[in-house]
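**Q** Structure supplied as entry-v9.json; contents: JSON, C-alpha atoms.
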[["chain", "number", "residue", "atom", "x", "y", "z"],
["A", 16, "MET", "CA", -89.07, 40.39, -11.50],
["A", 17, "SER", "CA", -92.29, 38.51, -12.08],
["A", 18, "THR", "CA", -94.61, 37.70, -9.19],
["A", 19, "ALA", "CA", -96.41, 35.00, -11.19],
["A", 20, "LYS", "CA", -96.02, 31.53, -9.77],
["A", 21, "THR", "CA", -94.16, 28.95, -11.80],
["A", 22, "SER", "CA", -95.78, 25.60, -12.45],
["A", 23, "ALA", "CA", -93.36, 24.07, -9.96],
["A", 24, "GLU", "CA", -94.60, 26.41, -7.22],
["A", 25, "ARG", "CA", -98.25, 25.77, -8.09],
["A", 26, "ASP", "CA", -97.74, 22.00, -7.93],
["A", 27, "LYS", "CA", -95.99, 22.14, -4.57],
["A", 28, "PRO", "CA", -98.13, 20.28, -2.02],
["A", 29, "SER", "CA", -98.64, 21.85, 1.38],
["A", 30, "ILE", "CA", -97.15, 20.42, 4.55],
["A", 31, "GLY", "CA", -100.64, 19.37, 5.62],
["A", 32, "THR", "CA", -101.21, 17.47, 2.38],
["A", 33, "ILE", "CA", -97.88, 15.68, 2.59],
["A", 34, "TYR", "CA", -98.34, 14.77, 6.23],
["A", 35, "SER", "CA", -101.98, 13.67, 5.88],
["A", 36, "ARG", "CA", -101.05, 11.32, 3.02],
["A", 37, "PHE", "CA", -98.28, 9.92, 5.18],
["A", 38, "LEU", "CA", -100.67, 9.44, 8.12],
["A", 39, "ILE", "CA", -103.13, 7.49, 5.99],
["A", 40, "PHE", "CA", -100.40, 5.36, 4.40],
["A", 41, "SER", "CA", -98.74, 4.61, 7.73],
["A", 42, "LEU", "CA", -101.98, 3.74, 9.53],
["A", 43, "GLY", "CA", -103.01, 1.46, 6.69],
["A", 44, "SER", "CA", -99.64, -0.29, 6.77],
["A", 45, "LEU", "CA", -99.81, -0.84, 10.52],
["A", 46, "ALA", "CA", -103.40, -2.04, 10.35],
["A", 47, "LEU", "CA", -102.48, -4.59, 7.69],
["A", 48, "ILE", "CA", -99.45, -5.85, 9.64],
["A", 49, "GLY", "CA", -101.45, -6.01, 12.87],
["A", 50, "ALA", "CA", -104.27, -7.94, 11.21],
["A", 51, "LEU", "CA", -101.84, -10.45, 9.71],
["A", 52, "GLY", "CA", -100.12, -11.14, 13.00],
["A", 53, "PHE", "CA", -103.00, -10.98, 15.44],
["A", 54, "ILE", "CA", -104.02, -14.65, 15.36],
["A", 55, "PRO", "CA", -100.48, -16.04, 15.84],
["A", 56, "THR", "CA", -99.97, -13.60, 18.71],
["A", 57, "GLN", "CA", -103.27, -14.59, 20.27],
["A", 58, "ARG", "CA", -102.25, -18.26, 20.15],
["A", 59, "TRP", "CA", -98.93, -17.38, 21.78],
["A", 60, "VAL", "CA", -100.05, -14.86, 24.42],
["A", 61, "GLY", "CA", -103.73, -15.48, 24.94],
["A", 62, "GLU", "CA", -106.45, -12.92, 25.52],
["A", 63, "ASN", "CA", -104.01, -10.01, 26.03],
["A", 64, "ALA", "CA", -102.82, -10.24, 22.41],
["A", 65, "SER", "CA", -104.95, -7.42, 21.00],
["A", 66, "LEU", "CA", -103.72, -4.98, 23.63],
["A", 67, "ILE", "CA", -100.08, -5.94, 23.05],
["A", 68, "VAL", "CA", -100.35, -5.63, 19.26],
["A", 69, "VAL", "CA", -102.20, -2.31, 19.34],
["A", 70, "VAL", "CA", -99.98, -0.66, 21.96],
["A", 71, "ALA", "CA", -96.74, -1.75, 20.28],
["A", 72, "LEU", "CA", -97.91, -0.54, 16.87],
["A", 73, "VAL", "CA", -99.15, 2.77, 18.29],
["A", 74, "VAL", "CA", -95.77, 3.33, 19.99],
["A", 75, "ALA", "CA", -94.00, 2.67, 16.67],
["A", 76, "TRP", "CA", -96.44, 5.01, 14.91],
["A", 77, "ILE", "CA", -95.91, 7.84, 17.42],
["A", 78, "ALA", "CA", -92.12, 7.52, 17.11],
["A", 79, "SER", "CA", -92.48, 7.65, 13.35],
["A", 80, "LEU", "CA", -94.74, 10.72, 13.44],
["A", 81, "VAL", "CA", -92.27, 12.58, 15.60],
["A", 82, "GLY", "CA", -89.33, 11.45, 13.46],
["A", 83, "THR", "CA", -90.82, 12.54, 10.16],
["A", 84, "ILE", "CA", -91.37, 16.16, 11.16],
["A", 85, "PRO", "CA", -87.84, 17.27, 10.10],
["A", 86, "ILE", "CA", -88.28, 15.56, 6.73],
["A", 87, "VAL", "CA", -91.53, 17.35, 5.98],
["A", 88, "LEU", "CA", -90.15, 20.68, 7.15],
["A", 89, "ALA", "CA", -87.13, 20.27, 4.83],
["A", 90, "ARG", "CA", -89.28, 19.73, 1.75],
["A", 91, "ASP", "CA", -88.18, 23.00, 0.14],
["A", 92, "LYS", "CA", -84.49, 22.22, 0.42],
["A", 93, "SER", "CA", -82.31, 20.53, -2.16],
["A", 94, "PRO", "CA", -81.54, 16.85, -1.51],
["A", 95, "LEU", "CA", -78.05, 17.72, -0.29],
["A", 96, "ASP", "CA", -79.32, 20.46, 2.03],
["A", 97, "ALA", "CA", -82.08, 18.17, 3.34],
["A", 98, "MET", "CA", -79.65, 15.43, 4.32],
["A", 99, "PRO", "CA", -79.04, 16.74, 7.88],
["A", 100, "ALA", "CA", -82.80, 16.81, 8.42],
["A", 101, "GLN", "CA", -83.03, 13.19, 7.28],
["A", 102, "PHE", "CA", -80.25, 12.12, 9.63],
["A", 103, "GLY", "CA", -81.91, 14.09, 12.42],
["A", 104, "ALA", "CA", -85.19, 12.36, 11.67],
["A", 105, "MET", "CA", -83.52, 8.95, 12.05],
["A", 106, "ALA", "CA", -82.03, 9.96, 15.39],
["A", 107, "ILE", "CA", -85.31, 11.40, 16.67],
["A", 108, "ARG", "CA", -87.21, 8.28, 15.61],
["A", 109, "LEU", "CA", -84.68, 5.99, 17.33],
["A", 110, "VAL", "CA", -84.70, 7.97, 20.57],
["A", 111, "ALA", "CA", -88.50, 8.14, 20.57],
["A", 112, "ILE", "CA", -88.94, 4.41, 19.98],
["A", 113, "LEU", "CA", -86.39, 3.57, 22.68],
["A", 114, "VAL", "CA", -87.78, 5.94, 25.30],
["A", 115, "ILE", "CA", -91.48, 5.24, 24.73],
["A", 116, "GLY", "CA", -91.04, 1.55, 23.93],
["A", 117, "MET", "CA", -88.82, 0.76, 26.88],
["A", 118, "SER", "CA", -91.06, 2.75, 29.23],
["A", 119, "VAL", "CA", -94.05, 0.70, 28.17],
["A", 120, "ALA", "CA", -92.10, -2.59, 28.16],
["A", 121, "TRP", "CA", -90.79, -2.04, 31.68],
["A", 122, "SER", "CA", -94.14, -0.87, 33.00],
["A", 123, "GLY", "CA", -95.23, -4.47, 33.58],
["A", 124, "TRP", "CA", -98.66, -3.97, 32.02],
["A", 125, "PHE", "CA", -98.24, -7.05, 29.84],
["A", 126, "GLU", "CA", -95.68, -9.60, 28.68],
["A", 127, "THR", "CA", -92.44, -8.02, 27.53],
["A", 128, "LYS", "CA", -91.34, -10.45, 24.80],
["A", 129, "PRO", "CA", -94.43, -10.22, 22.58],
["A", 130, "PHE", "CA", -94.55, -6.46, 23.08],
["A", 131, "LEU", "CA", -90.92, -6.01, 22.04],
["A", 132, "ILE", "CA", -91.36, -8.29, 19.03],
["A", 133, "TRP", "CA", -94.37, -6.26, 17.90],
["A", 134, "LEU", "CA", -92.49, -3.04, 18.60],
["A", 135, "VAL", "CA", -89.71, -4.17, 16.25],
["A", 136, "ILE", "CA", -92.25, -5.27, 13.62],
["A", 137, "GLY", "CA", -94.02, -1.90, 13.88],
["A", 138, "HIS", "CA", -90.73, -0.01, 13.75],
["A", 139, "ILE", "CA", -89.61, -1.83, 10.61],
["A", 140, "THR", "CA", -92.98, -1.20, 9.00],
["A", 141, "MET", "CA", -92.75, 2.48, 9.83],
["A", 142, "LEU", "CA", -89.19, 2.66, 8.50],
["A", 143, "VAL", "CA", -90.57, 1.54, 5.15],
["A", 144, "THR", "CA", -93.28, 4.21, 5.19],
["A", 145, "ASP", "CA", -90.85, 6.86, 6.46],
["A", 146, "THR", "CA", -88.42, 6.01, 3.67],
["A", 147, "HIS", "CA", -91.25, 6.34, 1.16],
["A", 148, "LEU", "CA", -92.11, 9.76, 2.60],
["A", 149, "ALA", "CA", -88.49, 10.96, 2.56],
["A", 150, "ARG", "CA", -88.01, 9.70, -0.98],
["A", 151, "SER", "CA", -91.15, 11.36, -2.28],
["A", 152, "VAL", "CA", -90.32, 14.67, -0.57],
["A", 153, "VAL", "CA", -86.76, 14.69, -1.96],
["A", 154, "LEU", "CA", -87.87, 13.65, -5.45],
["A", 155, "LYS", "CA", -90.55, 16.34, -5.56],
["A", 156, "SER", "CA", -88.03, 18.91, -4.37],
["A", 157, "THR", "CA", -85.57, 17.86, -7.07],
["A", 158, "LYS", "CA", -88.31, 17.89, -9.71],
["A", 159, "ARG", "CA", -89.38, 21.41, -8.70],
["A", 160, "GLU", "CA", -85.79, 22.67, -8.88],
["A", 161, "THR", "CA", -85.32, 21.17, -12.33],
["A", 162, "GLU", "CA", -88.61, 22.57, -13.64],
["A", 163, "GLY", "CA", -87.87, 25.99, -12.16],
["A", 164, "ALA", "CA", -84.44, 26.08, -13.81],
["A", 165, "LEU", "CA", -85.94, 25.08, -17.17],
["A", 166, "GLU", "CA", -88.66, 27.75, -16.99],
["A", 167, "GLU", "CA", -86.08, 30.46, -16.26],
["A", 168, "ARG", "CA", -84.26, 29.66, -19.52]]
Please express what this file holds, its structure, as structure tokens.

**A**
Amino acid sequence: MSTAKTSAERDKPSIGTIYSRFLIFSLGSLALIGALGFIPTQRWVGENASLIVVVALVVAWIASLVGTIPIVLARDKSPLDAMPAQFGAMAIRLVAILVIGMSVAWSGWFETKPFLIWLVIGHITMLVTDTHLARSVVLKSTKRETEGALEER
């Protein structure tokens, strides 16, 4: 049995690399969405708009970070074996956004309606980035399996 690494194993990105790319992509997405919606929110809410936008987007981001951990940890599994991790990630993300978001909304620190609207906007934005992460992890896993099978022949 050979101890030499296959090209698929050499090309496998580390968990840190996968997660750091996701962090950059998700923060950029949220910053863009927040910048686009800041002025309309400021007209609607007033001077508290920046705090509402930032807190809601940070809550969505935290829920997403927690929810994507199972996806990243399942990167070595086949797409079928990784499916429970993906479903678990969706459940974790939903629970996190509900618990953190509702805690902040009911705290009374600022107006609830604009906060909840921005929470939903942030959550949808993060669902897009989370889906991109899950897709790229599964596709890379499938590609590695295919390349490994071809090299063995």

**Q** So which one's closest to Val69 in chain A, A:Leu47, A:Val153, A:Val81, A:Val110? Using all atoms listed in the file, please.

**A**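 Of A:Leu47, A:Val153, A:Val81, A:Val110, the one nearest Val69 in chain A, counting all atoms listed in the file, is A:Leu47.
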
**Q** Take CA of Ser151 in chain A and CA of Ile33 in chain A and report the distance between them in Å, one decimal.

**A** 9.4 Å

**Q** If you measure from CA of Ser79 in chain A to CA of Trp133 in chain A, what distance in Å do you get, rounded to one decimal?

**A**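 Between CA of Ser79 in chain A and CA of Trp133 in chain A the gap works out to 14.8 Å.
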
**Q** Let me make sure I understand: among A:Ala111, A:Gly116, A:Pro129, A:Trp121, which one has the smallest atom-to-atom distance to Arg58 in chain A if we use all atoms listed in the file?

**A**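 Counting all atoms listed in the file, the residue closest to Arg58 in chain A is A:Pro129.
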
**Q** When you draw a straight line from CA of Leu109 in chain A to CA of Ala97 in chain A, how long is it in Å?

**A**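 CA of Ala97 in chain A lies 18.7 Å from CA of Leu109 in chain A.
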
**Q** Can you tell me, as a PDB file with C-alpha atoms, in the coordinates of the input, what residues are no more than 9 Å from Val74 in chain A when counting all atoms listed in the file, ignoring any on the same chain fewer than 3 positions away?

**A**
ATOM      1  CA  VAL A  69    -102.200  -2.310  19.340  1.00  0.00           C
ATOM      2  CA  VAL A  70     -99.980  -0.660  21.960  1.00  0.00           C
ATOM      3  CA  ALA A  71     -96.740  -1.750  20.280  1.00  0.00           C
ATOM      4  CA  ILE A  77     -95.910   7.840  17.420  1.00  0.00           C
ATOM      5  CA  ALA A  78     -92.120   7.520  17.110  1.00  0.00           C
ATOM      6  CA  SER A  79     -92.480   7.650  13.350  1.00  0.00           C
ATOM      7  CA  ALA A 111     -88.500   8.140  20.570  1.00  0.00           C
ATOM      8  CA  ILE A 112     -88.940   4.410  19.980  1.00  0.00           C
ATOM      9  CA  ILE A 115     -91.480   5.240  24.730  1.00  0.00           C
ATOM     10  CA  GLY A 116     -91.040   1.550  23.930  1.00  0.00           C
ATOM     11  CA  VAL A 119     -94.050   0.700  28.170  1.00  0.00           C
ATOM     12  CA  LEU A 134     -92.490  -3.040  18.600  1.00  0.00           C
ATOM     13  CA  GLY A 137     -94.020  -1.900  13.880  1.00  0.00           C
ATOM     14  CA  HIS A 138     -90.730  -0.010  13.750  1.00  0.00           C
TER      15      HIS A 138
END

**Q** Nearest residue to Trp59 in chain A out of A:Lys128, A:Ile136, A:Arg108, A:Asp91, using all atoms listed in the file?

**A** A:Lys128

**Q** Counting all atoms listed in the file, figure out which residue out of A:Phe130, A:Phe37, A:Phe125, A:Phe102 gets nearest to Pro85 in chain A.

**A**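 Using all atoms listed in the file, the shortest distance to Pro85 in chain A belongs to A:Phe102.
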
**Q** To box range 66-81 of chain A, take all atoms listed in the file, fit an axis-aligned box, add 6 Å on each side, and give centre and edge lengths in Å to one decimal, as AutoDock Vina command-line options.

**A**
--center_x -97.9 --center_y 3.3 --center_z 18.5 --size_x 23.6 --size_y 30.5 --size_z 22.3

**Q** Nearest residue to Ala100 in chain A out of A:Ile54, A:Leu72, A:Leu80, A:Ala149, using all atoms listed in the file?

**A**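 Of A:Ile54, A:Leu72, A:Leu80, A:Ala149, the one nearest Ala100 in chain A, counting all atoms listed in the file, is A:Ala149.
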
**Q** Can you patch up range 56-89 of chain A, filling it in to N, CA and C atoms, and show the result as a PDB file, keeping the file's coordinate frame?

**A**
ATOM      1  N   THR A  56    -100.275 -14.193  17.404  1.00  0.00           N
ATOM      2  CA  THR A  56     -99.970 -13.600  18.710  1.00  0.00           C
ATOM      3  C   THR A  56    -100.988 -14.034  19.746  1.00  0.00           C
ATOM      4  N   GLN A  57    -102.231 -14.150  19.343  1.00  0.00           N
ATOM      5  CA  GLN A  57    -103.270 -14.590  20.270  1.00  0.00           C
ATOM      6  C   GLN A  57    -103.023 -16.038  20.704  1.00  0.00           C
ATOM      7  N   ARG A  58    -102.576 -16.883  19.796  1.00  0.00           N
ATOM      8  CA  ARG A  58    -102.250 -18.260  20.150  1.00  0.00           C
ATOM      9  C   ARG A  58    -101.076 -18.318  21.123  1.00  0.00           C
ATOM     10  N   TRP A  59    -100.126 -17.400  20.951  1.00  0.00           N
ATOM     11  CA  TRP A  59     -98.930 -17.380  21.780  1.00  0.00           C
ATOM     12  C   TRP A  59     -99.198 -16.773  23.159  1.00  0.00           C
ATOM     13  N   VAL A  60     -99.891 -15.630  23.183  1.00  0.00           N
ATOM     14  CA  VAL A  60    -100.050 -14.860  24.420  1.00  0.00           C
ATOM     15  C   VAL A  60    -101.371 -15.130  25.115  1.00  0.00           C
ATOM     16  N   GLY A  61    -102.404 -15.309  24.340  1.00  0.00           N
ATOM     17  CA  GLY A  61    -103.730 -15.480  24.940  1.00  0.00           C
ATOM     18  C   GLY A  61    -104.588 -14.256  24.720  1.00  0.00           C
ATOM     19  N   GLU A  62    -105.451 -13.985  25.688  1.00  0.00           N
ATOM     20  CA  GLU A  62    -106.450 -12.920  25.520  1.00  0.00           C
ATOM     21  C   GLU A  62    -105.861 -11.511  25.519  1.00  0.00           C
ATOM     22  N   ASN A  63    -104.660 -11.315  25.998  1.00  0.00           N
ATOM     23  CA  ASN A  63    -104.010 -10.010  26.030  1.00  0.00           C
ATOM     24  C   ASN A  63    -103.390  -9.605  24.690  1.00  0.00           C
ATOM     25  N   ALA A  64    -103.511 -10.443  23.685  1.00  0.00           N
ATOM     26  CA  ALA A  64    -102.820 -10.240  22.410  1.00  0.00           C
ATOM     27  C   ALA A  64    -103.231  -8.929  21.725  1.00  0.00           C
ATOM     28  N   SER A  65    -104.510  -8.628  21.712  1.00  0.00           N
ATOM     29  CA  SER A  65    -104.950  -7.420  21.000  1.00  0.00           C
ATOM     30  C   SER A  65    -104.355  -6.169  21.635  1.00  0.00           C
ATOM     31  N   LEU A  66    -104.295  -6.132  22.950  1.00  0.00           N
ATOM     32  CA  LEU A  66    -103.720  -4.980  23.630  1.00  0.00           C
ATOM     33  C   LEU A  66    -102.225  -4.855  23.320  1.00  0.00           C
ATOM     34  N   ILE A  67    -101.511  -5.954  23.332  1.00  0.00           N
ATOM     35  CA  ILE A  67    -100.080  -5.940  23.050  1.00  0.00           C
ATOM     36  C   ILE A  67     -99.818  -5.445  21.629  1.00  0.00           C
ATOM     37  N   VAL A  68    -100.543  -5.996  20.664  1.00  0.00           N
ATOM     38  CA  VAL A  68    -100.350  -5.630  19.260  1.00  0.00           C
ATOM     39  C   VAL A  68    -100.668  -4.147  19.058  1.00  0.00           C
ATOM     40  N   VAL A  69    -101.784  -3.696  19.550  1.00  0.00           N
ATOM     41  CA  VAL A  69    -102.200  -2.310  19.340  1.00  0.00           C
ATOM     42  C   VAL A  69    -101.239  -1.335  20.018  1.00  0.00           C
ATOM     43  N   VAL A  70    -100.868  -1.592  21.254  1.00  0.00           N
ATOM     44  CA  VAL A  70     -99.980  -0.660  21.960  1.00  0.00           C
ATOM     45  C   VAL A  70     -98.612  -0.604  21.295  1.00  0.00           C
ATOM     46  N   ALA A  71     -98.052  -1.743  20.922  1.00  0.00           N
ATOM     47  CA  ALA A  71     -96.740  -1.750  20.280  1.00  0.00           C
ATOM     48  C   ALA A  71     -96.768  -1.006  18.946  1.00  0.00           C
ATOM     49  N   LEU A  72     -97.813  -1.224  18.154  1.00  0.00           N
ATOM     50  CA  LEU A  72     -97.910  -0.540  16.870  1.00  0.00           C
ATOM     51  C   LEU A  72     -98.162   0.956  17.030  1.00  0.00           C
ATOM     52  N   VAL A  73     -98.914   1.340  18.036  1.00  0.00           N
ATOM     53  CA  VAL A  73     -99.150   2.770  18.290  1.00  0.00           C
ATOM     54  C   VAL A  73     -97.850   3.445  18.740  1.00  0.00           C
ATOM     55  N   VAL A  74     -97.057   2.770  19.570  1.00  0.00           N
ATOM     56  CA  VAL A  74     -95.770   3.330  19.990  1.00  0.00           C
ATOM     57  C   VAL A  74     -94.865   3.534  18.773  1.00  0.00           C
ATOM     58  N   ALA A  75     -94.809   2.543  17.887  1.00  0.00           N
ATOM     59  CA  ALA A  75     -94.000   2.670  16.670  1.00  0.00           C
ATOM     60  C   ALA A  75     -94.522   3.808  15.794  1.00  0.00           C
ATOM     61  N   TRP A  76     -95.823   3.957  15.722  1.00  0.00           N
ATOM     62  CA  TRP A  76     -96.440   5.010  14.910  1.00  0.00           C
ATOM     63  C   TRP A  76     -96.122   6.392  15.474  1.00  0.00           C
ATOM     64  N   ILE A  77     -96.211   6.548  16.796  1.00  0.00           N
ATOM     65  CA  ILE A  77     -95.910   7.840  17.420  1.00  0.00           C
ATOM     66  C   ILE A  77     -94.449   8.215  17.185  1.00  0.00           C
ATOM     67  N   ALA A  78     -93.543   7.251  17.350  1.00  0.00           N
ATOM     68  CA  ALA A  78     -92.120   7.520  17.110  1.00  0.00           C
ATOM     69  C   ALA A  78     -91.897   7.940  15.659  1.00  0.00           C
ATOM     70  N   SER A  79     -92.609   7.312  14.763  1.00  0.00           N
ATOM     71  CA  SER A  79     -92.480   7.650  13.350  1.00  0.00           C
ATOM     72  C   SER A  79     -93.022   9.054  13.069  1.00  0.00           C
ATOM     73  N   LEU A  80     -94.153   9.392  13.648  1.00  0.00           N
ATOM     74  CA  LEU A  80     -94.740  10.720  13.440  1.00  0.00           C
ATOM     75  C   LEU A  80     -93.794  11.815  13.915  1.00  0.00           C
ATOM     76  N   VAL A  81     -93.202  11.604  15.064  1.00  0.00           N
ATOM     77  CA  VAL A  81     -92.270  12.580  15.600  1.00  0.00           C
ATOM     78  C   VAL A  81     -91.017  12.656  14.718  1.00  0.00           C
ATOM     79  N   GLY A  82     -90.551  11.501  14.259  1.00  0.00           N
ATOM     80  CA  GLY A  82     -89.330  11.450  13.460  1.00  0.00           C
ATOM     81  C   GLY A  82     -89.468  12.022  12.063  1.00  0.00           C
ATOM     82  N   THR A  83     -90.662  12.047  11.524  1.00  0.00           N
ATOM     83  CA  THR A  83     -90.820  12.540  10.160  1.00  0.00           C
ATOM     84  C   THR A  83     -91.020  14.050  10.071  1.00  0.00           C
ATOM     85  N   ILE A  84     -91.179  14.704  11.182  1.00  0.00           N
ATOM     86  CA  ILE A  84     -91.370  16.160  11.160  1.00  0.00           C
ATOM     87  C   ILE A  84     -90.209  16.885  10.475  1.00  0.00           C
ATOM     88  N   PRO A  85     -88.932  16.570  10.795  1.00  0.00           N
ATOM     89  CA  PRO A  85     -87.840  17.270  10.100  1.00  0.00           C
ATOM     90  C   PRO A  85     -87.835  17.036   8.587  1.00  0.00           C
ATOM     91  N   ILE A  86     -88.254  15.856   8.158  1.00  0.00           N
ATOM     92  CA  ILE A  86     -88.280  15.560   6.730  1.00  0.00           C
ATOM     93  C   ILE A  86     -89.304  16.431   6.016  1.00  0.00           C
ATOM     94  N   VAL A  87     -90.475  16.540   6.599  1.00  0.00           N
ATOM     95  CA  VAL A  87     -91.530  17.350   5.980  1.00  0.00           C
ATOM     96  C   VAL A  87     -91.152  18.827   5.997  1.00  0.00           C
ATOM     97  N   LEU A  88     -90.542  19.271   7.065  1.00  0.00           N
ATOM     98  CA  LEU A  88     -90.150  20.680   7.150  1.00  0.00           C
ATOM     99  C   LEU A  88     -89.019  21.026   6.174  1.00  0.00           C
ATOM    100  N   ALA A  89     -88.247  20.034   5.767  1.00  0.00           N
ATOM    101  CA  ALA A  89     -87.130  20.270   4.830  1.00  0.00           C
ATOM    102  C   ALA A  89     -87.533  20.044   3.392  1.00  0.00           C
TER     103      ALA A  89
END
